[in-house]
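Following: one structure in structure tokens, then a few remarks.
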Amino acid sequence: MSPQSPSYLTQLMPLLVSWLTVLLPMLCALLPAVLFFRGRQQGRNGSLGRMLQRKLRPADGFHVYHDLEFENDYGECVRIEHLVLGSSGVYPIISTRLSGEVLADIDASVPWRRMLHGREQPIPNPLARVHGAADLVSRSLGVAPACVHPLLVVTGVTRLAMPPSRVAVFLSPKSACEAVHDRLALSFHDEQLQALRARLDTAQRTERPLSAPLPQASRPSVL
């Protein structure tokens with residue numbers, strides 16, 4: 001190394017420090033936005049999103065939406081990863097990736113248990129999100145709860161043990177798509193389907209959250 005190198009590095013260090021002082025806060029501020037848009041992109045282009053687009057086509061009477069936002073009673077926005085609309089009903093779809101052997105409980109307030117590397121550990125119960133999504137969709141779109149069929153897609157597990165539940169649980173995107181495609185019960189007539197589709201298309205295009213109406217007890221009385 002030449003004799004001039006130490007003095008050159010000494011002069012360069014304050015410049016590097018000043019640049020880092022400016023750049024680090026900017027990067028920290030941008031990181032949440034980058035993660036948000038990356039999450040939206042993965043929702044649409046992930047394996048489940050691609051499978052839904054490929055298997056549930058408009059030509060077959062299905063309309064697929066990604067990353068719709070719903071506003072709850074507290075003014076908070078809740079994002080639902082995937083939603084399918086068809087004559088057989090509305091399907092909010094929640095996905096989660098786990099690992100190991102999972103013992104599931106149908107009570108949303110009870111944690112699931114996972115056996116991994118010989119150790120059992122509690123993990124969050126995703127059914128709470130599923131029930132919340134179904135309730136928001138029902139109230140926001142003004143459709144009967146019986147017309148809303150929530151789905152949970154769990155991937156990555158070696159085994160999932162779960163008692164029968166009103167939430168349909170699938171271990172692959174393909175099986176979830178097949179269940180929606182093969183459901184024959186009629187929930188909506190053509191006019192109802194078109195009205196719901198118009199609302200969802202507008203929400204997807206404008207990226208504005210769909211709002212649930214106020215509960216009856218919270219509405220101002222009309223004298």
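Naming works like this for the structure tokens: A, B, ... for the chains as they're shown, residue 1 at the start of each chain, ligands 1 onward in shown order.
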Requested in this report: Using DSSP on the backbone coordinates, identify all residues within region 137-182 of chain A classified as strand (DSSP E); present the result as a list in words.
Outcome: Leu151, Leu152, Val153, Val154, Thr155, Gly156, Val157, Thr158, Arg159, Leu160, Ala161, Ala168, Val169 and Phe170 of chain A
Could you take the residues named above and write them with N, CA and C atoms, as a PDB file, in the first residue's frame?
ATOM      1  N   LEU A 151     -62.282 -19.961   2.773  1.00  0.00           N
ATOM      2  CA  LEU A 151     -61.337 -21.050   2.530  1.00  0.00           C
ATOM      3  C   LEU A 151     -59.999 -20.707   3.179  1.00  0.00           C
ATOM      4  N   LEU A 152     -59.360 -21.720   3.715  1.00  0.00           N
ATOM      5  CA  LEU A 152     -58.006 -21.582   4.261  1.00  0.00           C
ATOM      6  C   LEU A 152     -57.092 -22.544   3.517  1.00  0.00           C
ATOM      7  N   VAL A 153     -56.020 -22.022   2.951  1.00  0.00           N
ATOM      8  CA  VAL A 153     -55.039 -22.852   2.245  1.00  0.00           C
ATOM      9  C   VAL A 153     -53.769 -22.897   3.090  1.00  0.00           C
ATOM     10  N   VAL A 154     -53.423 -24.093   3.561  1.00  0.00           N
ATOM     11  CA  VAL A 154     -52.235 -24.293   4.392  1.00  0.00           C
ATOM     12  C   VAL A 154     -51.219 -25.083   3.574  1.00  0.00           C
ATOM     13  N   THR A 155     -50.054 -24.499   3.349  1.00  0.00           N
ATOM     14  CA  THR A 155     -49.017 -25.186   2.575  1.00  0.00           C
ATOM     15  C   THR A 155     -47.774 -25.392   3.438  1.00  0.00           C
ATOM     16  N   GLY A 156     -46.963 -26.373   3.031  1.00  0.00           N
ATOM     17  CA  GLY A 156     -45.674 -26.607   3.685  1.00  0.00           C
ATOM     18  C   GLY A 156     -45.693 -27.615   4.815  1.00  0.00           C
ATOM     19  N   VAL A 157     -46.870 -28.050   5.283  1.00  0.00           N
ATOM     20  CA  VAL A 157     -46.919 -28.976   6.418  1.00  0.00           C
ATOM     21  C   VAL A 157     -46.707 -30.407   5.930  1.00  0.00           C
ATOM     22  N   THR A 158     -46.160 -31.232   6.803  1.00  0.00           N
ATOM     23  CA  THR A 158     -46.041 -32.660   6.492  1.00  0.00           C
ATOM     24  C   THR A 158     -47.316 -33.407   6.853  1.00  0.00           C
ATOM     25  N   ARG A 159     -48.051 -32.870   7.848  1.00  0.00           N
ATOM     26  CA  ARG A 159     -49.337 -33.447   8.226  1.00  0.00           C
ATOM     27  C   ARG A 159     -50.142 -32.405   8.961  1.00  0.00           C
ATOM     28  N   LEU A 160     -51.457 -32.364   8.683  1.00  0.00           N
ATOM     29  CA  LEU A 160     -52.358 -31.449   9.380  1.00  0.00           C
ATOM     30  C   LEU A 160     -53.526 -32.256   9.940  1.00  0.00           C
ATOM     31  N   ALA A 161     -53.637 -32.311  11.252  1.00  0.00           N
ATOM     32  CA  ALA A 161     -54.732 -33.009  11.918  1.00  0.00           C
ATOM     33  C   ALA A 161     -55.718 -31.971  12.424  1.00  0.00           C
ATOM     34  N   ALA A 168     -63.500 -24.460   5.141  1.00  0.00           N
ATOM     35  CA  ALA A 168     -62.871 -25.482   4.302  1.00  0.00           C
ATOM     36  C   ALA A 168     -61.364 -25.254   4.289  1.00  0.00           C
ATOM     37  N   VAL A 169     -60.605 -26.286   4.634  1.00  0.00           N
ATOM     38  CA  VAL A 169     -59.150 -26.193   4.721  1.00  0.00           C
ATOM     39  C   VAL A 169     -58.537 -27.087   3.653  1.00  0.00           C
ATOM     40  N   PHE A 170     -57.562 -26.542   2.915  1.00  0.00           N
ATOM     41  CA  PHE A 170     -56.922 -27.276   1.830  1.00  0.00           C
ATOM     42  C   PHE A 170     -55.410 -27.190   1.987  1.00  0.00           C
TER      43      PHE A 170
END
**Report entry** Close residues, Val137 (chain A) itself excluded, 12 Å, only C-alpha atoms, min 3 positions apart in chain, as JSON, numbers by chain
**Finding:** {"A": [68, 69, 70, 71, 72, 78, 79, 80, 82, 83, 84, 85, 89, 90, 91, 92, 93, 130, 131, 132, 133, 134, 140, 141, 142, 143, 144, 145, 146, 147, 148, 149, 150, 196, 199, 200, 209, 210, 211, 212, 213]}
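Using only C-alpha atoms for every distance, the candidate list A:Ala203, A:Val102, A:Ala128, A:Leu193 yields A:Leu193 as the residue closest to His63 (chain A).
Across A:His66, A:Arg97, A:His189, A:Arg183, the tightest approach to Leu171 (chain A) is made by A:Arg97 when counting only C-alpha atoms.
Taking CA of Ala176 (chain A) and CA of Glu101 (chain A) as endpoints, the distance between them is 20.3 Å.
A straight line drawn from CA of Glu191 (chain A) to CA of Ser87 (chain A) is 10.4 Å long.
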Query raised in the report: Just how far from CA of Gly49 (chain A) is CA of Ser187 (chain A), in Å to one decimal?
Result: 23.7 Å
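If only C-alpha atoms are the atoms counted, then among A:Leu48, A:Ala185, A:Val167, A:Ala108 the closest residue to Ser88 (chain A) is A:Ala185.
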Report task. Would you list, as a count of residues only, the residues of region 63-220 of chain A that end up in alpha helix (DSSP H) under DSSP run on this structure's backbone? Result -> 42
